[in-house]
Amino acid sequence: MSKKILMLVGDFAEDYETMVPFQALKMLGYDVQAVCPDKKAGDIIRTAVHDFEGDQTYTEKPGHNFTLNADFDCVDSNDFIGLVIPGGRAPEYIRLNKRVIEIVQEFHQAKKPIAAVCHGPQVLAAAGVLDGLKVTAYPACQPDVNQSNGQWCDLAVDQAVTDAHIVTAPAWPAHPEWLAQFIALLGAKISI
């Protein structure tokens with residue numbers, strides 16, 4: 001069985017929500033292929049750091065340049081065992097890409113594990129795959145979840161929820177829970 005995981009990103013994806021899962025999953029031995037609509041392997045996306053500093057919403061600062069390692073136009077969902085959708089600003093516009101929606105629907109129909117964090121569930125909502133599922137996201141995304149008939153879970157920023165084959169979290173402070181639940185869905189076991 002393939003150990004490939006697809007990551008859907010775009011310019012101004014959240015830095016930690018892109019870099020940390022990409023590196024952590026690679027560390028576990030997965031072949032993580034990061035793609036972006038209209039870009040190819042070797043192209044970069046610019047990321048943004050979202051921080052929680054006591055304001056009414058997150059603040060945004062420049063992040064790192066992140067190099068894509070696969071071509072979006074070559075994605076065949078049959079080649080992958082899981083899907084990761086980081087948050088940030090990228091989900092609000094990559095969800096407008098017809099092929100992004102098809103990819104998400106293909107993973108959902110095959111019941112392959114899907115992990116979305118922060119604004120990532122906006123892509124799941126646009127793909128129409130949240131009906132009846134318990135979902136969390138950055139709080140400003142609650143209307144997207146509600147409009148797509150998902151069951152909103154109001155969780156602490158460091159928590160995650162899994163329902164069926166989809167795991168979601170509010171933001172990067174949930175990485176330990178979110179990634180642990182995702183790799184459990186993938187069938188991996190880690191112990192010390």
# chains A, B, ... in the order shown; residues from 1 in each chain; ligands from 1
$ select_by_dssp --residues "range 4-181 of chain A" --states "strand (DSSP E or B)" --output "count of residues only"
49
$ select_by_dssp --residues "chain A" --states "helix (DSSP H, G or I)" --output "MDAnalysis selection string"
chainID A and resid 15:27 72:74 77:79 90:94 98:109 121:127 139:147 172:186
$ write_last_selection --atoms "C-alpha atoms" --output "mmCIF file, in the first residue's frame"
data_model
loop_
_atom_site.group_PDB
_atom_site.id
_atom_site.type_symbol
_atom_site.label_atom_id
_atom_site.label_comp_id
_atom_site.auth_asym_id
_atom_site.auth_seq_id
_atom_site.Cartn_x
_atom_site.Cartn_y
_atom_site.Cartn_z
ATOM 1 C CA ASP A 15 3.197 28.754 8.213
ATOM 2 C CA TYR A 16 3.039 26.301 11.161
ATOM 3 C CA GLU A 17 -0.002 24.530 9.733
ATOM 4 C CA THR A 18 1.956 23.869 6.546
ATOM 5 C CA MET A 19 5.495 23.259 7.783
ATOM 6 C CA VAL A 20 4.792 21.233 10.930
ATOM 7 C CA PRO A 21 2.506 18.556 9.444
ATOM 8 C CA PHE A 22 4.660 18.351 6.305
ATOM 9 C CA GLN A 23 7.796 17.712 8.351
ATOM 10 C CA ALA A 24 6.176 15.571 11.063
ATOM 11 C CA LEU A 25 4.512 13.239 8.567
ATOM 12 C CA LYS A 26 7.744 12.945 6.573
ATOM 13 C CA MET A 27 9.565 12.130 9.814
ATOM 14 C CA PHE A 72 -1.020 19.996 -8.876
ATOM 15 C CA ASP A 73 -2.055 19.039 -12.415
ATOM 16 C CA CYS A 74 -0.686 15.499 -11.924
ATOM 17 C CA SER A 77 -6.283 10.790 -5.576
ATOM 18 C CA ASN A 78 -5.972 7.013 -6.060
ATOM 19 C CA ASP A 79 -2.225 7.370 -5.406
ATOM 20 C CA ALA A 90 -5.225 29.852 1.179
ATOM 21 C CA PRO A 91 -8.412 27.817 1.820
ATOM 22 C CA GLU A 92 -10.655 30.801 1.071
ATOM 23 C CA TYR A 93 -9.450 30.884 -2.544
ATOM 24 C CA ILE A 94 -8.202 27.364 -3.366
ATOM 25 C CA LYS A 98 -12.900 22.972 -9.422
ATOM 26 C CA ARG A 99 -10.166 20.327 -9.251
ATOM 27 C CA VAL A 100 -9.519 21.053 -5.544
ATOM 28 C CA ILE A 101 -13.192 20.341 -4.861
ATOM 29 C CA GLU A 102 -13.073 17.143 -6.932
ATOM 30 C CA ILE A 103 -9.977 15.929 -5.075
ATOM 31 C CA VAL A 104 -11.634 16.465 -1.687
ATOM 32 C CA GLN A 105 -14.782 14.691 -2.873
ATOM 33 C CA GLU A 106 -12.719 11.765 -4.197
ATOM 34 C CA PHE A 107 -10.962 11.332 -0.840
ATOM 35 C CA HIS A 108 -14.297 11.609 0.972
ATOM 36 C CA GLN A 109 -16.078 9.117 -1.263
ATOM 37 C CA PRO A 121 -12.546 23.171 6.787
ATOM 38 C CA GLN A 122 -13.697 25.950 4.402
ATOM 39 C CA VAL A 123 -12.476 23.671 1.612
ATOM 40 C CA LEU A 124 -14.374 20.712 3.081
ATOM 41 C CA ALA A 125 -17.530 22.823 3.350
ATOM 42 C CA ALA A 126 -17.211 23.996 -0.257
ATOM 43 C CA ALA A 127 -16.791 20.358 -1.337
ATOM 44 C CA PRO A 139 -14.192 30.166 15.107
ATOM 45 C CA ALA A 140 -14.782 32.556 12.188
ATOM 46 C CA CYS A 141 -15.413 29.479 10.022
ATOM 47 C CA GLN A 142 -18.398 28.318 12.088
ATOM 48 C CA PRO A 143 -20.884 29.759 9.542
ATOM 49 C CA ASP A 144 -19.212 27.693 6.774
ATOM 50 C CA VAL A 145 -19.587 24.522 8.859
ATOM 51 C CA ASN A 146 -23.198 25.345 9.765
ATOM 52 C CA GLN A 147 -24.155 26.156 6.165
ATOM 53 C CA TRP A 172 -1.916 25.234 15.111
ATOM 54 C CA PRO A 173 -1.850 24.930 18.933
ATOM 55 C CA ALA A 174 -3.829 21.700 18.345
ATOM 56 C CA HIS A 175 -1.054 20.046 16.331
ATOM 57 C CA PRO A 176 -0.312 17.345 18.949
ATOM 58 C CA GLU A 177 -3.980 16.266 19.111
ATOM 59 C CA TRP A 178 -4.775 16.852 15.433
ATOM 60 C CA LEU A 179 -1.751 15.003 14.084
ATOM 61 C CA ALA A 180 -2.138 12.147 16.604
ATOM 62 C CA GLN A 181 -5.765 11.657 15.550
ATOM 63 C CA PHE A 182 -4.850 11.862 11.857
ATOM 64 C CA ILE A 183 -2.078 9.276 12.058
ATOM 65 C CA ALA A 184 -4.426 7.007 14.035
ATOM 66 C CA LEU A 185 -6.861 7.257 11.098
ATOM 67 C CA LEU A 186 -3.962 6.329 8.799
#
$ atom_distance --atom1 "CA of Asp38 in chain A" --atom2 "CA of Gly87 in chain A"
18.6 Å
$ closest_residue --among "A:Arg95, A:His64, A:Lys3, A:Arg46" --to "Leu28 in chain A" --atoms "only C-alpha atoms"
A:Lys3
$ atom_distance --atom1 "CA of Ala70 in chain A" --atom2 "CA of Gly10 in chain A"
13.0 Å
$ residues_around --residues "Met7 in chain A" --least-positions-apart "5" --cutoff "8 Å" --atoms "only C-alpha atoms" --output "ChimeraX atom specification"
/A:22,32-35,83-86
$ atom_distance --atom1 "CA of Val135 in chain A" --atom2 "CA of Ile114 in chain A"
11.9 Å
